[in-house]
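Raw coords01.pdb, PDB, C-alpha atoms:
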ATOM      1  CA  MET A1163     133.627 122.152 117.124
ATOM      2  CA  PRO A1164     135.120 122.070 120.637
ATOM      3  CA  ALA A1165     133.609 125.484 121.339
ATOM      4  CA  LEU A1166     130.196 124.175 120.362
ATOM      5  CA  ARG A1167     130.469 120.958 122.284
ATOM      6  CA  THR A1168     130.760 122.563 125.681
ATOM      7  CA  ARG A1169     127.414 124.285 125.356
ATOM      8  CA  GLY A1170     125.152 121.269 125.302
ATOM      9  CA  GLY A1171     123.186 119.706 122.473
ATOM     10  CA  ARG A1172     119.489 119.241 122.889
ATOM     11  CA  VAL A1173     118.138 116.574 120.595
ATOM     12  CA  VAL A1174     119.533 113.383 119.124
ATOM     13  CA  GLU A1175     118.042 113.455 115.636
ATOM     14  CA  ARG A1176     119.278 110.187 114.238
ATOM     15  CA  VAL A1177     121.708 107.379 114.832
ATOM     16  CA  GLN A1178     124.251 107.455 112.032
ATOM     17  CA  GLY A1179     125.605 103.958 112.516
ATOM     18  CA  ALA A1180     128.840 102.938 114.167
ATOM     19  CA  ASP A1181     132.421 103.956 113.496
ATOM     20  CA  ARG A1182     135.788 103.713 115.136
ATOM     21  CA  LEU A1183     136.720 106.731 117.190
ATOM     22  CA  PRO A1184     139.247 108.625 115.043
ATOM     23  CA  ASP A1185     140.909 110.048 118.164
ATOM     24  CA  ARG A1186     142.325 106.536 118.660
ATOM     25  CA  ALA A1187     141.945 104.814 115.285
ATOM     26  CA  GLU A1188     144.098 107.404 113.508
ATOM     27  CA  TYR A1189     146.977 106.484 115.805
ATOM     28  CA  GLY A1190     146.516 102.753 115.270
ATOM     29  CA  LEU A1191     145.248 102.246 118.810
ATOM     30  CA  PRO A1192     142.696  99.496 119.438
ATOM     31  CA  THR A1193     139.154 100.809 119.255
ATOM     32  CA  GLU A1194     135.754  99.186 118.910
ATOM     33  CA  PRO A1195     133.122 100.766 116.679
ATOM     34  CA  GLN A1196     130.760 102.938 118.683
ATOM     35  CA  PRO A1197     127.468 104.656 117.847
ATOM     36  CA  VAL A1198     127.539 108.060 116.189
ATOM     37  CA  TYR A1199     124.590 110.390 116.685
ATOM     38  CA  ALA A1200     123.474 113.490 114.837
ATOM     39  CA  VAL A1201     122.867 115.917 117.694
ATOM     40  CA  ALA A1202     120.889 119.097 117.084
ATOM     41  CA  PHE A1203     122.046 122.337 118.686
ATOM     42  CA  PHE A1204     119.833 125.408 118.686
ATOM     43  CA  SER A1205     121.407 128.680 117.618
ATOM     44  CA  GLN A1206     120.219 130.519 120.741
ATOM     45  CA  ASP A1207     122.085 128.020 122.933
ATOM     46  CA  LEU A1208     125.259 128.280 120.875
ATOM     47  CA  TRP A1209     125.470 131.964 120.123
ATOM     48  CA  GLY A1210     122.808 133.698 122.200
ATOM     49  CA  GLU A1211     120.139 135.909 120.678
ATOM     50  CA  SER A1212     120.640 137.038 117.102
ATOM     51  CA  ASP A1213     119.027 139.561 114.812
ATOM     52  CA  GLU A1214     118.367 136.649 112.475
ATOM     53  CA  PRO A1215     115.636 134.021 112.944
ATOM     54  CA  PRO A1216     116.938 130.954 114.843
ATOM     55  CA  TRP A1217     118.593 128.024 113.070
ATOM     56  CA  THR A1218     119.796 124.536 113.927
ATOM     57  CA  VAL A1219     123.325 123.118 113.746
ATOM     58  CA  LEU A1220     123.644 119.345 113.639
ATOM     59  CA  LEU A1221     126.899 117.661 114.652
ATOM     60  CA  ASP A1222     127.823 114.009 114.247
ATOM     61  CA  LEU A1223     129.073 113.024 117.678
ATOM     62  CA  PHE A1224     130.616 109.772 118.839
ATOM     63  CA  ASP A1225     129.072 108.094 121.877
ATOM     64  CA  THR A1226     132.233 108.864 123.879
ATOM     65  CA  TYR A1227     131.623 112.590 123.469
ATOM     66  CA  LEU A1228     128.162 112.509 125.067
ATOM     67  CA  GLU A1229     126.994 112.582 128.648
ATOM     68  CA  PRO A1230     123.528 111.640 129.914
ATOM     69  CA  ALA A1231     121.251 114.677 130.077
TER      70      ALA A1231
ATOM     71  CA  MET B 152     136.098 138.946 106.401
ATOM     72  CA  SER B 153     132.790 139.076 104.623
ATOM     73  CA  ASP B 154     133.053 137.450 101.244
ATOM     74  CA  VAL B 155     133.496 133.685 101.306
ATOM     75  CA  HIS B 156     133.003 132.689  97.708
ATOM     76  CA  ASP B 157     135.159 134.911  95.570
ATOM     77  CA  ASN B 158     138.124 132.567  95.426
ATOM     78  CA  ASP B 159     136.426 129.636  93.813
ATOM     79  CA  GLY B 160     138.377 126.652  92.507
ATOM     80  CA  GLY B 161     140.325 126.472  89.318
ATOM     81  CA  HIS B 162     143.933 127.214  88.676
ATOM     82  CA  HIS B 163     145.384 130.629  89.097
ATOM     83  CA  HIS B 164     148.101 130.876  86.524
ATOM     84  CA  GLY B 165     150.297 133.912  86.210
ATOM     85  CA  ARG B 166     150.562 134.949  89.825
ATOM     86  CA  PRO B 167     153.024 134.018  92.558
ATOM     87  CA  ALA B 168     152.405 130.755  94.376
ATOM     88  CA  SER B 169     150.805 131.105  97.788
ATOM     89  CA  GLN B 170     152.342 129.798 100.987
ATOM     90  CA  ILE B 171     149.925 126.857 100.908
ATOM     91  CA  GLU B 172     150.858 125.998  97.320
ATOM     92  CA  LEU B 173     154.542 126.158  98.151
ATOM     93  CA  ARG B 174     153.992 123.935 101.154
ATOM     94  CA  ALA B 175     151.979 121.444  99.079
ATOM     95  CA  ARG B 176     154.707 121.357  96.427
ATOM     96  CA  ALA B 177     157.402 120.798  99.049
ATOM     97  CA  LEU B 178     155.413 117.960 100.624
ATOM     98  CA  GLU B 179     154.771 116.348  97.244
ATOM     99  CA  ALA B 180     158.453 116.554  96.346
ATOM    100  CA  LEU B 181     159.410 114.995  99.664
ATOM    101  CA  LEU B 182     156.883 112.142  99.373
ATOM    102  CA  VAL B 183     158.047 111.384  95.843
ATOM    103  CA  GLU B 184     161.701 111.549  96.852
ATOM    104  CA  LYS B 185     161.115 109.082  99.690
ATOM    105  CA  GLY B 186     159.229 106.751  97.346
ATOM    106  CA  LEU B 187     156.006 106.994  99.354
ATOM    107  CA  VAL B 188     153.933 108.165  96.420
ATOM    108  CA  SER B 189     154.493 108.479  92.690
ATOM    109  CA  THR B 190     153.748 111.552  90.616
ATOM    110  CA  ASP B 191     151.794 109.246  88.274
ATOM    111  CA  ALA B 192     149.498 108.291  91.157
ATOM    112  CA  ILE B 193     148.941 111.933  92.071
ATOM    113  CA  ASP B 194     148.256 112.847  88.448
ATOM    114  CA  ALA B 195     145.815 109.941  88.095
ATOM    115  CA  VAL B 196     143.821 111.022  91.154
ATOM    116  CA  ILE B 197     143.715 114.629  89.959
ATOM    117  CA  ALA B 198     142.631 113.573  86.464
ATOM    118  CA  LEU B 199     139.925 111.309  87.883
ATOM    119  CA  TYR B 200     138.359 114.065  89.950
ATOM    120  CA  GLU B 201     138.861 116.757  87.319
ATOM    121  CA  ASN B 202     137.385 114.776  84.434
ATOM    122  CA  ASP B 203     135.230 111.901  85.609
ATOM    123  CA  VAL B 204     133.927 112.493  89.100
ATOM    124  CA  GLY B 205     132.126 115.704  89.907
ATOM    125  CA  PRO B 206     128.805 117.319  90.704
ATOM    126  CA  GLN B 207     127.317 115.909  87.502
ATOM    127  CA  ASN B 208     127.107 112.617  89.429
ATOM    128  CA  GLY B 209     125.149 114.151  92.268
ATOM    129  CA  ALA B 210     122.905 115.939  89.772
ATOM    130  CA  LYS B 211     121.919 112.575  88.276
ATOM    131  CA  VAL B 212     121.068 111.284  91.747
ATOM    132  CA  VAL B 213     118.907 114.325  92.475
ATOM    133  CA  ALA B 214     117.142 114.167  89.103
ATOM    134  CA  ARG B 215     116.352 110.485  89.616
ATOM    135  CA  ALA B 216     114.931 111.214  93.066
ATOM    136  CA  TRP B 217     112.749 113.946  91.565
ATOM    137  CA  VAL B 218     111.162 111.665  88.958
ATOM    138  CA  ASP B 219     111.066 108.390  90.885
ATOM    139  CA  PRO B 220     109.391 108.485  94.339
ATOM    140  CA  ALA B 221     110.514 104.936  95.166
ATOM    141  CA  TYR B 222     114.123 105.892  94.425
ATOM    142  CA  ARG B 223     113.776 109.014  96.573
ATOM    143  CA  GLU B 224     112.570 106.834  99.432
ATOM    144  CA  ARG B 225     115.554 104.497  99.076
ATOM    145  CA  LEU B 226     117.905 107.480  98.798
ATOM    146  CA  LEU B 227     116.681 108.993 102.052
ATOM    147  CA  ALA B 228     116.749 105.613 103.823
ATOM    148  CA  ASP B 229     120.263 104.583 102.741
ATOM    149  CA  GLY B 230     122.086 107.209 100.720
ATOM    150  CA  ALA B 231     125.193 105.206  99.820
ATOM    151  CA  ALA B 232     123.169 102.185  98.616
ATOM    152  CA  ALA B 233     120.843 104.282  96.457
ATOM    153  CA  ILE B 234     123.756 106.292  95.041
ATOM    154  CA  ALA B 235     125.532 103.021  94.217
ATOM    155  CA  GLU B 236     122.486 102.051  92.113
ATOM    156  CA  LEU B 237     123.591 104.779  89.699
ATOM    157  CA  GLY B 238     127.167 103.504  89.754
ATOM    158  CA  PHE B 239     128.707 106.061  92.116
ATOM    159  CA  GLY B 240     130.612 105.315  95.305
ATOM    160  CA  GLY B 241     133.997 105.008  96.918
ATOM    161  CA  ALA B 242     136.221 107.072  99.165
ATOM    162  CA  GLU B 243     134.443 109.792 101.153
ATOM    163  CA  GLY B 244     131.074 108.341 100.172
ATOM    164  CA  ASN B 245     130.717 105.130 102.150
ATOM    165  CA  THR B 246     128.205 106.554 104.605
ATOM    166  CA  MET B 247     125.954 109.013 102.837
ATOM    167  CA  VAL B 248     123.048 110.833 104.408
ATOM    168  CA  VAL B 249     120.815 112.729 101.988
ATOM    169  CA  VAL B 250     118.927 115.603 103.589
ATOM    170  CA  PRO B 251     115.831 116.766 101.702
ATOM    171  CA  ASN B 252     114.780 120.385 101.423
ATOM    172  CA  GLU B 253     111.064 120.779 101.968
ATOM    173  CA  PRO B 254     108.677 123.712 102.034
ATOM    174  CA  GLY B 255     109.884 125.749 105.007
ATOM    175  CA  VAL B 256     113.031 123.661 105.600
ATOM    176  CA  HIS B 257     116.414 124.401 104.018
ATOM    177  CA  ASN B 258     119.498 122.231 104.586
ATOM    178  CA  ALA B 259     123.135 123.198 104.134
ATOM    179  CA  VAL B 260     126.403 121.332 104.662
ATOM    180  CA  VAL B 261     129.705 122.357 106.194
ATOM    181  CA  CYS B 262     132.759 120.715 107.712
ATOM    182  CA  THR B 263     133.872 122.951 110.556
ATOM    183  CA  LEU B 264     136.864 120.697 111.282
ATOM    184  CA  CYS B 265     138.405 120.618 107.822
ATOM    185  CA  SER B 266     136.933 119.891 104.390
ATOM    186  CA  CYS B 267     134.893 116.639 104.582
ATOM    187  CA  TYR B 268     132.831 116.416 101.425
ATOM    188  CA  PRO B 269     131.029 113.651  99.479
ATOM    189  CA  TRP B 270     133.585 113.020  96.717
ATOM    190  CA  PRO B 271     131.731 110.366  94.683
ATOM    191  CA  VAL B 272     128.753 112.658  94.055
ATOM    192  CA  LEU B 273     130.312 116.130  94.133
ATOM    193  CA  GLY B 274     133.989 115.612  93.272
ATOM    194  CA  LEU B 275     136.565 117.606  95.205
ATOM    195  CA  PRO B 276     135.399 120.545  97.323
ATOM    196  CA  PRO B 277     135.661 124.125  96.044
ATOM    197  CA  SER B 278     138.239 126.265  97.819
ATOM    198  CA  TRP B 279     135.612 128.412  99.567
ATOM    199  CA  TYR B 280     134.200 125.262 101.202
ATOM    200  CA  LYS B 281     137.599 124.685 102.805
ATOM    201  CA  SER B 282     138.078 128.315 103.848
ATOM    202  CA  ALA B 283     138.016 129.258 107.525
ATOM    203  CA  PRO B 284     135.364 131.973 107.021
ATOM    204  CA  TYR B 285     132.872 129.569 105.414
ATOM    205  CA  ARG B 286     133.504 126.904 108.038
ATOM    206  CA  ALA B 287     133.069 129.322 110.923
ATOM    207  CA  ARG B 288     130.297 131.491 109.587
ATOM    208  CA  MET B 289     128.081 128.734 108.152
ATOM    209  CA  VAL B 290     127.325 127.600 111.695
ATOM    210  CA  SER B 291     127.382 131.012 113.399
ATOM    211  CA  GLU B 292     125.534 133.135 110.820
ATOM    212  CA  PRO B 293     124.178 130.902 108.046
ATOM    213  CA  ARG B 294     121.607 133.380 106.785
ATOM    214  CA  ALA B 295     124.285 135.989 106.167
ATOM    215  CA  VAL B 296     126.457 133.441 104.322
ATOM    216  CA  LEU B 297     123.543 132.262 102.194
ATOM    217  CA  ARG B 298     122.711 135.885 101.387
ATOM    218  CA  GLU B 299     126.272 136.373 100.102
ATOM    219  CA  PHE B 300     125.719 133.384  97.835
ATOM    220  CA  GLY B 301     122.593 135.141  96.564
ATOM    221  CA  LEU B 302     120.131 132.988  98.467
ATOM    222  CA  GLU B 303     117.642 134.974 100.522
ATOM    223  CA  LEU B 304     115.395 132.593 102.453
ATOM    224  CA  PRO B 305     112.063 133.611 103.967
ATOM    225  CA  ALA B 306     112.368 134.482 107.685
ATOM    226  CA  LYS B 307     110.091 131.604 108.619
ATOM    227  CA  THR B 308     112.200 129.000 106.777
ATOM    228  CA  THR B 309     114.031 126.695 109.163
ATOM    229  CA  ILE B 310     117.739 126.403 108.346
ATOM    230  CA  ARG B 311     119.430 123.143 109.266
ATOM    231  CA  VAL B 312     123.230 123.205 109.007
ATOM    232  CA  TRP B 313     124.806 119.745 108.924
ATOM    233  CA  ASP B 314     128.379 119.720 110.207
ATOM    234  CA  SER B 315     130.321 116.718 108.859
ATOM    235  CA  THR B 316     132.196 116.001 112.072
ATOM    236  CA  ALA B 317     132.443 112.195 111.752
ATOM    237  CA  GLU B 318     132.387 109.694 108.879
ATOM    238  CA  VAL B 319     128.988 110.656 107.463
ATOM    239  CA  ARG B 320     129.018 112.701 104.271
ATOM    240  CA  TYR B 321     125.974 114.798 103.399
ATOM    241  CA  LEU B 322     124.181 115.643 100.179
ATOM    242  CA  VAL B 323     121.332 118.142 100.054
ATOM    243  CA  LEU B 324     118.343 117.029  98.001
ATOM    244  CA  PRO B 325     116.956 120.330  96.694
ATOM    245  CA  GLU B 326     113.271 120.870  96.023
ATOM    246  CA  ARG B 327     112.253 120.383  92.423
ATOM    247  CA  PRO B 328     111.252 123.736  90.925
ATOM    248  CA  SER B 329     107.574 123.738  89.989
ATOM    249  CA  GLU B 330     108.370 125.125  86.513
ATOM    250  CA  THR B 331     110.041 121.855  85.561
ATOM    251  CA  GLU B 332     106.926 119.751  85.271
ATOM    252  CA  GLY B 333     107.256 117.276  82.422
ATOM    253  CA  TRP B 334     111.045 117.651  82.094
ATOM    254  CA  ASP B 335     113.051 114.488  81.603
ATOM    255  CA  GLU B 336     115.843 113.389  83.929
ATOM    256  CA  LYS B 337     118.596 114.761  81.714
ATOM    257  CA  ALA B 338     117.065 118.230  81.565
ATOM    258  CA  LEU B 339     116.435 118.158  85.294
ATOM    259  CA  ALA B 340     120.015 117.104  86.090
ATOM    260  CA  ALA B 341     121.288 120.078  84.066
ATOM    261  CA  ILE B 342     119.797 122.582  86.535
ATOM    262  CA  VAL B 343     121.124 120.850  89.672
ATOM    263  CA  THR B 344     124.303 122.704  90.592
ATOM    264  CA  ARG B 345     127.070 121.770  92.997
ATOM    265  CA  ASP B 346     126.105 124.695  95.215
ATOM    266  CA  ALA B 347     122.490 123.517  95.355
ATOM    267  CA  MET B 348     123.674 120.125  96.619
ATOM    268  CA  ILE B 349     125.855 121.791  99.292
ATOM    269  CA  GLY B 350     122.837 123.890 100.197
ATOM    270  CA  VAL B 351     124.179 127.359  99.435
ATOM    271  CA  ALA B 352     121.895 127.743  96.417
ATOM    272  CA  VAL B 353     118.681 126.368  95.010
ATOM    273  CA  PRO B 354     118.125 125.088  91.456
ATOM    274  CA  VAL B 355     116.857 127.732  89.071
ATOM    275  CA  PRO B 356     115.375 126.616  85.756
ATOM    276  CA  GLU B 357     117.002 128.922  83.209
ATOM    277  CA  GLN B 358     115.179 127.786  80.144
ATOM    278  CA  THR B 359     112.530 125.283  79.245
ATOM    279  CA  PRO B 360     113.937 122.302  77.347
ATOM    280  CA  ALA B 361     113.083 121.997  73.687
TER     281      ALA B 361
END

Written form, structure tokens:
Amino acid sequence: MPALRTRGGRVVERVQGADRLPDRAEYGLPTEPQPVYAVAFFSQDLWGESDEPPWTVLLDLFDTYLEPA
Amino acid sequence: MSDVHDNDGGHHHGRPASQIELRARALEALLVEKGLVSTDAIDAVIALYENDVGPQNGAKVVARAWVDPAYRERLLADGAAAIAELGFGGAEGNTMVVVPNEPGVHNAVVCTLCSCYPWPVLGLPPSWYKSAPYRARMVSEPRAVLREFGLELPAKTTIRVWDSTAEVRYLVLPERPSETEGWDEKALAAIVTRDAMIGVAVPVPEQTPA
């Protein structure tokens, strides 16, 4: 996923609810629930042109991971 | 590496244990020795997911959604709540999103990070689902992966690959085959396979019910 994340998602498809950020929660650190979004990435943006027709990859991303477009 | 689904599940008796198996055994022995977990607890979990919880649960959910439009609506609105109506739920199924296949739209599920999978409706994941090639290639060349599973989609079909990177667990709601008109829920559930609910296959009616 880190390789995908640096290349920019395009569309927030749905809000998945709120969860505690595992990056902190798993270590027992205090963390408030934050929104999680399903963000659509287009195959051309991720991998460049392909011989195959384009497809979409959707990642569930915590609010912390996102920056304003 | 081209083939991602030739090492599917099950036990492999009569051959040397792999590095992973040896590591798992060593960890289990250590946890038991330190009193952190009992072998009875491990056996109970394995028995539960081998005998009682598996894709037959998800198949019932799909069959119900096929025959009951109101249930389908509830399932798409709040997956976990609608799945709980049929008595299924628990760990790895608290936030369920059901993604419906439609004419021209095919959904598939992967966990690129590890092996996240909706246990209450599908049981434990098959080994290919956890393999690095499936996890990498399902996002980078899904059509090729689906082709290896025997699923050739029309070029104009949109493929949507859902990567379970947070707490949401996904279930694909396949399209009901047109040949199944008039079938009851039980007959319908029988054609809904695990792979169809992961999105690497579609249901194929093999015979008409008596």

Take the ChimeraX specification (/B :<6) & /A, run it mentally on this structure, and tell me the resulting residues as a list in words. Trp1217, Thr1218, Val1219, Leu1220, Leu1221 and Asp1222 of chain A

Could you tell me which residues the PyMOL selection byres ((chain B and resi 347-351) around 9) grabs in this file, written as a VMD selection string? chain B and resid 206 209 to 210 213 252 257 to 261 273 296 to 298 300 to 302 312 321 to 325 343 to 346 352 to 354

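Counting from atom CA of B:Gln207, the distance to atom CA of B:Gly238 is 12.6 Å.
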
Nearest to A:Phe1204, restricted to only C-alpha atoms and choosing among A:Gly1179, A:Val1173, A:Arg1186, A:Pro1192, comes out as A:Val1173

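Of note, atom CA of B:Ile342 and atom CA of B:Asp219 are spaced 17.2 Å apart.
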
Could you tell me which residues the PyMOL selection byres ((chain A and resi 1200) around 8) grabs in this file, written as a tab-separated table (two decimals) with C-alpha atoms, in the coordinates of the input?
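Output (expr_14.tsv):
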chain	number	residue	atom	x	y	z
A	1174	VAL	CA	119.53	113.38	119.12
A	1175	GLU	CA	118.04	113.46	115.64
A	1176	ARG	CA	119.28	110.19	114.24
A	1177	VAL	CA	121.71	107.38	114.83
A	1178	GLN	CA	124.25	107.46	112.03
A	1198	VAL	CA	127.54	108.06	116.19
A	1199	TYR	CA	124.59	110.39	116.68
A	1201	VAL	CA	122.87	115.92	117.69
A	1202	ALA	CA	120.89	119.10	117.08
A	1220	LEU	CA	123.64	119.34	113.64
A	1221	LEU	CA	126.90	117.66	114.65
A	1222	ASP	CA	127.82	114.01	114.25
A	1223	LEU	CA	129.07	113.02	117.68

Nearest residue to A:Pro1184 from the set A:Asp1207, A:Gln1196, A:Pro1230, A:Pro1215 (distances using all atoms listed in the file): A:Gln1196

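The coordinates place atom CA of B:Ala340 at 18.6 Å from atom CA of B:Arg225.
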
Show which residues sit within 8 Å of A:Glu1194, as a PDB file with C-alpha atoms, in the coordinates of the input. Count only C-alpha atoms, and ignore same-chain residues fewer than 6 positions away.
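Below is the file that was written, around15.pdb:
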ATOM      1  CA  ASP A1181     132.421 103.956 113.496  1.00  0.00           C
ATOM      2  CA  ARG A1182     135.788 103.713 115.136  1.00  0.00           C
ATOM      3  CA  LEU A1183     136.720 106.731 117.190  1.00  0.00           C
TER       4      LEU A1183
END

Determine the nearest neighbour of B:Tyr200 from the options B:Thr331, B:Leu226, B:Leu275, B:Ser282, counting all atoms listed in the file. B:Leu275

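Residues within 8 Å of stretch 227-236 of chain B, counting all atoms listed in the file and excluding same-chain residues fewer than 5 positions away, are Val212, Tyr222, Gly244, Asn245, Thr246, Met247, Val248, Val249, Val250 and Pro251 of chain B.
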